[in-house]
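Containing compact mmCIF, C-alpha atoms: target_34.txt.
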# COMPACT_ATOMS: atom_id res chain seq x y z
CA MET A 1 -0.81 42.13 -49.11
CA GLN A 2 2.12 44.31 -48.12
CA THR A 3 -0.18 47.29 -47.78
CA VAL A 4 -2.46 45.27 -45.46
CA PHE A 5 0.49 44.37 -43.22
CA TRP A 6 1.51 48.02 -43.17
CA LEU A 7 -2.00 49.07 -42.16
CA ILE A 8 -2.13 46.42 -39.42
CA SER A 9 1.25 47.36 -37.94
CA ASN A 10 0.47 51.06 -38.20
CA THR A 11 -2.85 50.62 -36.38
CA LEU A 12 -1.27 48.48 -33.66
CA ARG A 13 1.52 51.02 -33.13
CA ALA A 14 -0.91 53.90 -32.98
CA THR A 15 -3.20 52.01 -30.60
CA PHE A 16 -0.63 50.77 -28.08
CA LYS A 17 1.44 53.92 -28.20
CA ASN A 18 -1.06 55.19 -25.67
CA LYS A 19 -0.38 53.43 -22.34
CA LYS A 20 -4.04 53.74 -21.38
CA ASN A 21 -4.95 51.41 -24.22
CA ILE A 22 -2.57 48.78 -22.87
CA ILE A 23 -4.37 48.95 -19.53
CA MET A 24 -7.79 48.82 -21.18
CA TYR A 25 -7.17 46.04 -23.69
CA ILE A 26 -4.77 43.85 -21.68
CA LEU A 27 -5.27 44.46 -17.95
CA VAL A 28 -8.96 45.35 -17.63
CA PRO A 29 -10.15 41.85 -18.71
CA LEU A 30 -8.37 40.49 -15.62
CA ILE A 31 -10.63 42.54 -13.34
CA GLY A 32 -13.42 40.04 -13.96
CA ILE A 33 -11.23 37.28 -12.52
CA PHE A 34 -10.60 39.30 -9.35
CA ILE A 35 -14.31 40.00 -8.92
CA SER A 36 -15.28 36.35 -9.46
CA PHE A 37 -12.48 35.17 -7.20
CA LEU A 38 -13.67 37.44 -4.40
CA ALA A 39 -17.29 36.42 -4.91
CA TYR A 40 -16.83 32.66 -5.27
CA GLY A 41 -13.27 31.96 -4.13
CA GLY A 42 -14.05 31.50 -0.46
CA SER A 43 -14.70 28.13 1.10
CA ASN A 44 -18.27 27.17 1.95
CA LYS A 45 -17.13 24.72 4.64
CA THR A 46 -18.42 25.84 8.04
CA ILE A 47 -16.89 24.73 11.32
CA VAL A 48 -19.24 24.76 14.30
CA HIS A 49 -17.46 25.46 17.58
CA VAL A 50 -19.25 23.69 20.42
CA GLY A 51 -18.58 24.04 24.12
CA ILE A 52 -19.29 21.05 26.36
CA VAL A 53 -20.26 21.33 30.01
CA ASN A 54 -20.14 17.84 31.50
CA GLU A 55 -21.68 17.69 34.98
CA ASP A 56 -22.67 14.06 34.66
CA HIS A 57 -19.30 12.33 34.15
CA GLN A 58 -20.97 8.96 33.51
CA TYR A 59 -20.18 6.57 30.67
CA ILE A 60 -23.10 7.50 28.40
CA ALA A 61 -22.33 11.22 28.73
CA ASN A 62 -18.63 10.58 28.07
CA ASP A 63 -19.40 8.42 25.00
CA THR A 64 -21.78 11.09 23.70
CA ILE A 65 -19.01 13.67 23.89
CA LYS A 66 -16.65 11.30 22.03
CA PHE A 67 -19.33 10.92 19.35
CA LEU A 68 -19.48 14.69 18.90
CA GLU A 69 -15.69 14.92 18.70
CA HIS A 70 -15.67 12.63 15.66
CA LEU A 71 -18.06 14.81 13.62
CA ASP A 72 -16.23 16.37 10.67
CA ASN A 73 -17.50 19.93 10.92
CA VAL A 74 -17.62 20.20 14.72
CA ARG A 75 -14.86 21.39 17.04
CA ILE A 76 -15.32 20.51 20.72
CA GLU A 77 -14.07 22.48 23.72
CA ILE A 78 -14.63 21.30 27.29
CA ILE A 79 -15.58 24.30 29.45
CA ASN A 80 -16.95 25.14 32.86
CA THR A 81 -20.48 26.30 33.52
CA THR A 82 -19.26 29.75 34.58
CA ASP A 83 -17.52 30.28 31.23
CA ALA A 84 -20.43 29.31 28.99
CA ASN A 85 -22.21 32.66 28.79
CA ASP A 86 -19.02 34.67 28.26
CA LYS A 87 -17.82 32.43 25.43
CA LEU A 88 -21.21 32.54 23.73
CA ALA A 89 -21.40 36.32 24.03
CA SER A 90 -17.88 36.81 22.68
CA GLY A 91 -18.57 34.57 19.68
CA SER A 92 -15.72 32.15 20.40
CA LEU A 93 -18.34 29.38 20.68
CA ASP A 94 -21.37 28.89 18.45
CA CYS A 95 -23.30 26.87 21.02
CA VAL A 96 -22.90 25.16 24.39
CA ILE A 97 -24.20 21.67 25.23
CA SER A 98 -24.68 21.02 28.93
CA PHE A 99 -24.96 17.46 30.25
CA HIS A 100 -26.43 17.89 33.71
CA ASP A 101 -26.23 15.39 36.52
CA GLY A 102 -28.64 12.53 35.79
CA PHE A 103 -28.25 12.59 32.00
CA THR A 104 -26.83 9.04 31.80
CA ASP A 105 -29.58 7.62 34.04
CA SER A 106 -32.32 9.33 31.97
CA VAL A 107 -30.96 7.94 28.69
CA ARG A 108 -30.51 4.50 30.31
CA SER A 109 -34.18 4.51 31.34
CA GLY A 110 -35.29 5.36 27.81
CA ASN A 111 -36.39 8.95 28.59
CA PRO A 112 -33.54 11.34 27.66
CA ASP A 113 -33.41 14.41 29.87
CA HIS A 114 -30.98 16.67 31.72
CA ILE A 115 -29.46 18.05 28.51
CA GLN A 116 -29.49 21.67 27.39
CA ILE A 117 -28.28 23.40 24.19
CA SER A 118 -27.61 27.15 24.37
CA SER A 119 -26.81 29.45 21.47
CA ILE A 120 -27.25 33.10 20.57
CA LYS A 121 -27.09 32.27 16.84
CA GLY A 122 -30.41 30.45 16.81
CA ALA A 123 -31.63 27.41 14.91
CA GLN A 124 -29.12 27.91 12.10
CA ILE A 125 -26.47 26.45 14.42
CA THR A 126 -28.45 24.34 16.91
CA SER A 127 -30.42 22.44 14.25
CA PHE A 128 -27.19 21.15 12.72
CA VAL A 129 -25.88 19.86 16.06
CA LYS A 130 -29.26 18.50 17.15
CA SER A 131 -29.69 16.45 13.96
CA TYR A 132 -26.62 14.36 14.91
CA LEU A 133 -26.75 14.53 18.69
CA TYR A 134 -30.44 13.67 19.15
CA ASN A 135 -30.24 10.82 16.67
CA TYR A 136 -27.37 9.28 18.69
CA ILE A 137 -29.18 9.76 22.01
CA ASP A 138 -32.41 8.29 20.62
CA ASN A 139 -30.55 5.15 19.52
CA VAL A 140 -29.06 4.68 22.99
CA SER A 141 -32.37 5.37 24.74
CA ALA A 142 -34.06 2.83 22.44
CA ILE A 143 -31.64 0.24 23.81
CA GLY A 144 -32.65 1.28 27.32
CA LYS A 145 -36.34 0.82 26.51
CA VAL A 146 -35.68 -2.68 25.20
CA ALA A 147 -33.42 -3.73 28.09
CA LYS A 148 -35.68 -2.14 30.70
CA THR A 149 -34.28 -2.96 34.15
CA ASP A 150 -31.89 -5.67 32.93
CA GLN A 151 -28.52 -3.93 33.29
CA THR A 152 -26.58 -6.89 31.92
CA LYS A 153 -28.70 -6.98 28.78
CA PHE A 154 -28.34 -3.22 28.37
CA ASN A 155 -24.57 -3.37 28.75
CA GLN A 156 -24.33 -6.11 26.13
CA MET A 157 -26.56 -4.30 23.64
CA TYR A 158 -24.85 -0.98 24.32
CA SER A 159 -21.41 -2.57 23.81
CA ASN A 160 -22.56 -4.12 20.54
CA TYR A 161 -23.87 -0.73 19.41
CA GLN A 162 -20.60 1.03 20.24
CA ASN A 163 -18.53 -1.68 18.56
CA ALA A 164 -20.78 -2.52 15.64
CA SER A 165 -19.18 -4.73 13.01
CA PHE A 166 -20.66 -2.64 10.20
CA LYS A 167 -19.30 0.79 9.43
CA VAL A 168 -20.57 3.68 7.37
CA ALA A 169 -17.92 4.86 4.94
CA THR A 170 -18.04 8.50 3.91
CA LYS A 171 -16.38 10.10 0.94
CA THR A 172 -16.17 13.81 0.31
CA LEU A 173 -17.03 14.88 -3.20
CA SER A 174 -15.50 18.04 -4.55
CA ASP A 175 -17.96 20.84 -5.20
CA SER A 176 -17.30 22.10 -8.71
CA SER A 177 -20.05 24.72 -8.64
CA GLN A 178 -17.75 27.43 -7.25
CA SER A 179 -15.08 27.05 -9.91
CA GLU A 180 -17.73 26.76 -12.63
CA ASN A 181 -19.36 29.99 -11.46
CA MET A 182 -15.98 31.70 -11.31
CA THR A 183 -15.27 30.56 -14.86
CA THR A 184 -18.67 31.64 -16.18
CA TYR A 185 -18.62 35.13 -14.71
CA SER A 186 -14.93 35.73 -15.42
CA LEU A 187 -15.52 34.90 -19.08
CA GLY A 188 -18.79 36.83 -18.94
CA PHE A 189 -16.84 39.92 -17.93
CA LEU A 190 -14.35 39.14 -20.71
CA ILE A 191 -17.24 39.01 -23.19
CA MET A 192 -18.23 42.56 -22.23
CA ILE A 193 -14.62 43.78 -22.53
CA MET A 194 -14.27 42.10 -25.92
CA LEU A 195 -17.37 43.87 -27.19
CA MET A 196 -16.12 47.21 -25.91
CA SER A 197 -12.61 46.63 -27.26
CA ALA A 198 -13.95 45.71 -30.68
CA GLY A 199 -16.14 48.79 -30.63
CA ASN A 200 -13.25 51.08 -29.75
CA LEU A 201 -10.91 49.55 -32.35
CA SER A 202 -13.53 49.72 -35.09
CA GLU A 203 -14.29 53.27 -34.06
CA ILE A 204 -10.81 54.13 -35.35
CA ILE A 205 -12.39 54.03 -38.82
CA LEU A 206 -14.74 56.87 -37.92
CA LYS A 207 -12.03 58.86 -36.15
CA GLU A 208 -9.74 58.62 -39.16
CA LYS A 209 -12.61 59.73 -41.39
CA GLU A 210 -13.17 62.70 -39.09
CA ASN A 211 -9.46 63.55 -39.29
CA ARG A 212 -9.48 63.01 -43.07
CA ILE A 213 -6.75 60.36 -42.65
CA TYR A 214 -9.03 57.73 -44.17
CA TYR A 215 -9.40 59.66 -47.42
CA ARG A 216 -5.68 60.35 -47.66
CA LEU A 217 -5.05 56.62 -47.30
CA LEU A 218 -7.52 55.86 -50.06
CA SER A 219 -5.67 58.26 -52.34
CA ALA A 220 -2.68 55.91 -52.00
CA PRO A 221 -2.71 52.38 -53.50
CA ILE A 222 -5.06 51.25 -50.70
CA ASN A 223 -8.75 50.52 -51.21
CA ALA A 224 -11.57 50.48 -48.66
CA ARG A 225 -11.69 46.67 -48.53
CA LYS A 226 -8.05 46.38 -47.51
CA TYR A 227 -8.52 49.12 -44.93
CA ILE A 228 -11.56 47.42 -43.35
CA PHE A 229 -9.86 44.01 -43.50
CA SER A 230 -6.79 45.35 -41.69
CA ASN A 231 -9.07 46.73 -38.95
CA VAL A 232 -10.70 43.29 -38.58
CA VAL A 233 -7.28 41.66 -38.25
CA VAL A 234 -6.22 44.18 -35.59
CA ASN A 235 -9.44 43.44 -33.70
CA MET A 236 -8.78 39.71 -33.80
CA ILE A 237 -5.14 40.12 -32.70
CA VAL A 238 -6.11 42.20 -29.69
CA MET A 239 -8.95 39.88 -28.66
CA THR A 240 -6.79 36.80 -29.12
CA ILE A 241 -4.33 38.33 -26.66
CA GLN A 242 -7.20 39.11 -24.27
CA VAL A 243 -8.54 35.54 -24.40
CA ILE A 244 -5.16 33.86 -23.95
CA ILE A 245 -4.03 36.14 -21.11
CA THR A 246 -7.36 35.78 -19.29
CA LEU A 247 -7.40 31.99 -19.56
CA LEU A 248 -3.75 31.76 -18.52
CA PHE A 249 -4.34 33.92 -15.45
CA MET A 250 -7.43 31.90 -14.53
CA THR A 251 -5.69 28.53 -14.79
CA LYS A 252 -2.05 29.27 -13.92
CA VAL A 253 -2.16 32.25 -11.55
CA PHE A 254 -5.49 31.88 -9.73
CA HIS A 255 -5.56 28.08 -10.21
CA ILE A 256 -9.23 28.08 -11.15
CA ASP A 257 -10.39 24.74 -12.51
CA ILE A 258 -12.37 25.80 -15.58
CA HIS A 259 -13.46 22.16 -16.21
CA ILE A 260 -12.77 22.66 -19.91
CA PRO A 261 -9.64 21.95 -21.93
CA PHE A 262 -7.78 25.23 -22.49
CA TRP A 263 -8.02 24.97 -26.28
CA GLU A 264 -11.80 24.37 -26.24
CA ALA A 265 -12.42 27.45 -24.10
CA ALA A 266 -10.13 29.46 -26.40
CA ILE A 267 -11.99 28.28 -29.52
CA VAL A 268 -15.39 29.25 -28.10
CA MET A 269 -14.13 32.68 -27.07
CA MET A 270 -12.49 33.24 -30.46
CA LEU A 271 -15.81 32.44 -32.13
CA PHE A 272 -17.34 35.16 -30.01
CA ALA A 273 -14.45 37.43 -31.01
CA LEU A 274 -15.69 37.16 -34.62
CA VAL A 275 -19.17 38.05 -33.42
CA SER A 276 -17.78 41.05 -31.52
CA VAL A 277 -16.00 42.35 -34.62
CA GLY A 278 -19.16 41.92 -36.68
CA ILE A 279 -21.20 43.87 -34.12
CA SER A 280 -18.61 46.64 -33.91
CA LEU A 281 -18.44 47.05 -37.71
CA MET A 282 -22.22 47.11 -37.89
CA ILE A 283 -22.31 49.88 -35.27
CA VAL A 284 -19.67 51.86 -37.18
CA ALA A 285 -21.56 51.39 -40.44
CA PHE A 286 -24.72 52.89 -38.94
CA SER A 287 -22.92 55.77 -37.20
CA ASN A 288 -22.17 59.18 -38.61
CA SER A 289 -19.51 60.10 -36.05
CA SER A 290 -17.36 58.58 -33.34
CA LYS A 291 -19.61 60.09 -30.66
CA SER A 292 -22.73 58.50 -32.08
CA SER A 293 -20.82 55.23 -32.42
CA GLY A 294 -19.87 55.31 -28.73
CA ALA A 295 -23.45 56.04 -27.70
CA LEU A 296 -24.82 53.26 -29.92
CA GLN A 297 -22.20 50.86 -28.59
CA ASN A 298 -23.26 51.51 -24.98
CA LEU A 299 -26.91 51.19 -25.96
CA ILE A 300 -26.29 47.75 -27.46
CA VAL A 301 -23.51 46.23 -25.36
CA VAL A 302 -24.54 47.01 -21.79
CA PRO A 303 -28.19 45.81 -21.87
CA THR A 304 -27.45 42.69 -23.93
CA VAL A 305 -24.57 41.68 -21.66
CA MET A 306 -26.75 42.12 -18.58
CA ILE A 307 -29.73 40.07 -19.79
CA SER A 308 -27.63 37.30 -21.34
CA GLY A 309 -26.33 36.04 -17.99
CA CYS A 310 -22.78 37.39 -18.06
CA PHE A 311 -23.00 38.89 -14.56
CA TRP A 312 -25.63 36.76 -12.80
CA PRO A 313 -27.57 33.52 -13.38
CA ILE A 314 -30.08 33.91 -16.16
CA ASP A 315 -32.54 31.76 -14.19
CA ILE A 316 -33.26 34.61 -11.78
CA MET A 317 -34.62 36.80 -14.58
CA PRO A 318 -38.24 36.72 -15.82
CA SER A 319 -39.11 34.16 -18.48
CA SER A 320 -39.78 36.92 -21.01
CA VAL A 321 -36.24 38.26 -20.56
CA GLN A 322 -34.85 34.73 -20.84
CA ARG A 323 -36.57 34.33 -24.20
CA ILE A 324 -35.00 37.59 -25.39
CA ALA A 325 -31.59 36.29 -24.25
CA ASP A 326 -31.98 33.29 -26.56
CA PHE A 327 -31.54 35.70 -29.48
CA LEU A 328 -28.24 37.08 -28.19
CA PRO A 329 -24.80 35.68 -29.13
CA GLN A 330 -23.51 36.26 -25.58
CA ARG A 331 -26.10 33.80 -24.28
CA TRP A 332 -25.10 31.13 -26.80
CA THR A 333 -21.43 31.60 -25.92
CA LEU A 334 -22.08 31.10 -22.21
CA GLU A 335 -24.38 28.15 -22.89
CA THR A 336 -21.67 26.49 -24.99
CA LEU A 337 -19.14 26.96 -22.18
CA THR A 338 -21.62 25.60 -19.62
CA LYS A 339 -22.33 22.48 -21.66
CA LEU A 340 -18.61 21.89 -22.09
CA GLN A 341 -18.24 22.13 -18.31
CA GLN A 342 -21.02 19.54 -17.94
CA GLY A 343 -19.07 17.05 -20.02
CA SER A 344 -20.30 17.60 -23.58
CA SER A 345 -17.70 17.37 -26.31
CA LEU A 346 -17.04 20.31 -28.60
CA GLY A 347 -18.08 18.23 -31.61
CA SER A 348 -21.49 17.47 -30.10
CA LEU A 349 -22.14 21.20 -29.78
CA TYR A 350 -21.99 21.81 -33.51
CA LEU A 351 -25.39 23.56 -33.41
CA ASN A 352 -24.14 26.12 -30.86
CA ILE A 353 -21.00 26.70 -32.92
CA LEU A 354 -23.04 27.05 -36.09
CA ILE A 355 -25.34 29.59 -34.42
CA LEU A 356 -22.34 31.70 -33.33
CA LEU A 357 -20.94 31.57 -36.87
CA VAL A 358 -24.36 32.60 -38.24
CA PHE A 359 -24.44 35.55 -35.83
CA ALA A 360 -20.97 36.63 -36.99
CA ALA A 361 -21.85 36.20 -40.68
CA ALA A 362 -25.12 38.14 -40.29
CA PHE A 363 -23.42 41.08 -38.59
CA PHE A 364 -20.63 41.16 -41.17
CA LEU A 365 -23.10 41.07 -44.06
CA ILE A 366 -25.17 43.89 -42.57
CA ALA A 367 -22.01 45.97 -42.07
CA ILE A 368 -20.79 45.26 -45.63
CA TYR A 369 -24.16 46.19 -47.09
CA LYS A 370 -24.31 49.43 -45.12
CA PHE A 371 -20.71 50.36 -46.00
CA SER A 372 -21.43 49.77 -49.68
CA ARG A 373 -24.52 52.00 -49.52
CA ASN A 374 -22.75 54.77 -47.63
CA SER A 375 -20.75 56.70 -50.20
CA SER A 376 -20.84 60.00 -48.34
CA THR A 377 -17.48 61.76 -48.07
CA ARG A 378 -18.66 64.86 -46.30
CA ASN A 379 -16.81 66.32 -43.35
CA PHE A 380 -17.84 65.29 -39.87
CA VAL A 381 -19.17 68.03 -37.68

Once you've parsed the file, please lay out its structure as structure tokens.
Amino acid sequence: MQTVFWLISNTLRATFKNKKNIIMYILVPLIGIFISFLAYGGSNKTIVHVGIVNEDHQYIANDTIKFLEHLDNVRIEIINTTDANDKLASGSLDCVISFHDGFTDSVRSGNPDHIQISSIKGAQITSFVKSYLYNYIDNVSAIGKVAKTDQTKFNQMYSNYQNASFKVATKTLSDSSQSENMTTYSLGFLIMIMLMSAGNLSEIILKEKENRIYYRLLSAPINARKYIFSNVVVNMIVMTIQVIITLLFMTKVFHIDIHIPFWEAAIVMMLFALVSVGISLMIVAFSNSSKSSGALQNLIVVPTVMISGCFWPIDIMPSSVQRIADFLPQRWTLETLTKLQQGSSLGSLYLNILILLVFAAAFFLIAIYKFSRNSSTRNFV
């Protein structure tokens, strides 16, 4: 066991002696958080700035303006007719509502008129305002149609409408989709980095064979099993650091609500760390040199990460590609995280966990078999 500890410490010293490796293994995983934060960190709440031109100055027009002022996503500014076009053109106002002289009388008679909505941003803005404004005006004009010429009756009904005993209570629900997307794609980026990190660390085996260091080590009281095992431990140490730092930055620095207990997210990512090591050892086992290992790593990692939903929703891809993704460990990792975010317990996802363990075991067994069959000790060219 002492020799294993020596191999682990020696590999870690040799790896992090190069400052570039510190940046790659420790800092690069945080880039995914920055990208996700920029993509999904903004607020979706839109404030519509509405200018009001009131030429009517009657009670129904004034009450209509008060109604608009109480809308949550609307900001009202009283302006003059001469300023309307300039404010619309400059973009300081999204639309202008003009209540012309005679508006109150038209609504009172049951035939709303003398109102105009102007906007250079089109129906995207005006439809939102109209949906509230026209509904209010239609309710008041309906009272006018019922009251007809009886002003006393209209005033009573209108007063009852304005001071209705029943109220509509509204409650704002928090939208968790943004933070869930930020979590998914931040960890999706981490998945890619973990695969690349595992590939680079396992590639040390090939580089030390090329430099004949591997064979000098085997001439000492160190066998191949201990050497490979020490490399696996180094992989797991580095990826454990990556997972913990990434999750800590997400939750403590960027204050992203991952909707999962910290330890559950860490367990799922550590399961994928085992899968990453298995894949990297399998690539090394089938490679004859470090260059071929790097090429094979890119050939496997990049396409599988892209089609498994690490960078974008898998639903936007063709159904045939989605079926292929079902055979990838990255997809099962993300699906496990998504189900945890939706409220499933980690224990209820035993099938997902078992599948990830099967992936890891399969890759390790393939690598072990290939290593045992490869007894070549020739020099690398």

Please list as a list in words every residue within 8 Å of A:Leu271, counting all atoms listed in the file and excluding residues in the same chain fewer than 3 positions away.
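Listing them by chain and then by number gives Ile267, Val268, Leu274, Val275, Ile353, Leu356 and Leu357 of chain A.
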
With only C-alpha atoms as the basis for distance, which of A:Ile22, A:Val238, A:Ile283, A:Leu88 is at the shortest distance from A:Ile205?
A:Ile283

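Pairwise distance (atom CA of A:Ser36, atom CA of A:Asn235) equals 25.9 Å.
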
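Residues within 12 Å of A:Tyr59, counting only C-alpha atoms and excluding same-chain residues fewer than 4 positions away, are Asn54, Asp63, Thr64, Ile65, Lys66, Phe99, Gly102, Phe103, Thr104, Asp105, Val107, Arg108, Val140, Asn155, Tyr158, Ser159 and Gln162 of chain A.
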
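Proximity ranking of A:Val53, A:Ala325, A:Ile368, A:Ile97 relative to A:Thr81 places A:Val53 first, based on only C-alpha atoms.
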
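Residues in contact with A:Val234 at 8 Å, where only C-alpha atoms are counted and same-chain residues fewer than 3 positions away are skipped, are listed as Ile8, Thr11, Leu12, Leu201, Ser230, Asn231, Ile237 and Val238 of chain A.
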
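Note that the spacing between atom CA of A:Tyr227 and atom CA of A:Trp6 amounts to 10.2 Å.
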
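The gap separating atom CA of A:Asn139 from atom CA of A:Ser118 is 22.7 Å, in Å to one decimal.
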
I need the residue nearest A:Ile76 from this list: A:Ile47, A:Leu195, A:Met270, A:Val321. Use only C-alpha atoms for the distance.
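The answer is A:Ile47, which sits nearest to A:Ile76.
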
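Comparing A:Gly199, A:Gly188, A:Pro313, A:Gly347 by their smallest distance to A:Leu334, the closest is A:Gly188 (using only C-alpha atoms).
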
I want to know what sits within 10 Å of A:Leu30, based on only C-alpha atoms, with residues of the same chain fewer than 5 positions away left out; could you give that as a ChimeraX atom specification?
/A:25,35,186-187,189-190,193,242,245-247,249-250

Counting all atoms listed in the file, which residue out of A:Ser308, A:Thr240, A:Ser372, A:Asn200 sits closest to A:Thr333?
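Ranked by minimum distance to A:Thr333, first place goes to A:Ser308.
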
Residue nearest A:Ile355 - candidates A:Ser290, A:Met317, A:Phe272, A:Ser90, atoms counted: all atoms listed in the file
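Checking each candidate against A:Ile355, we get A:Phe272 as the closest.
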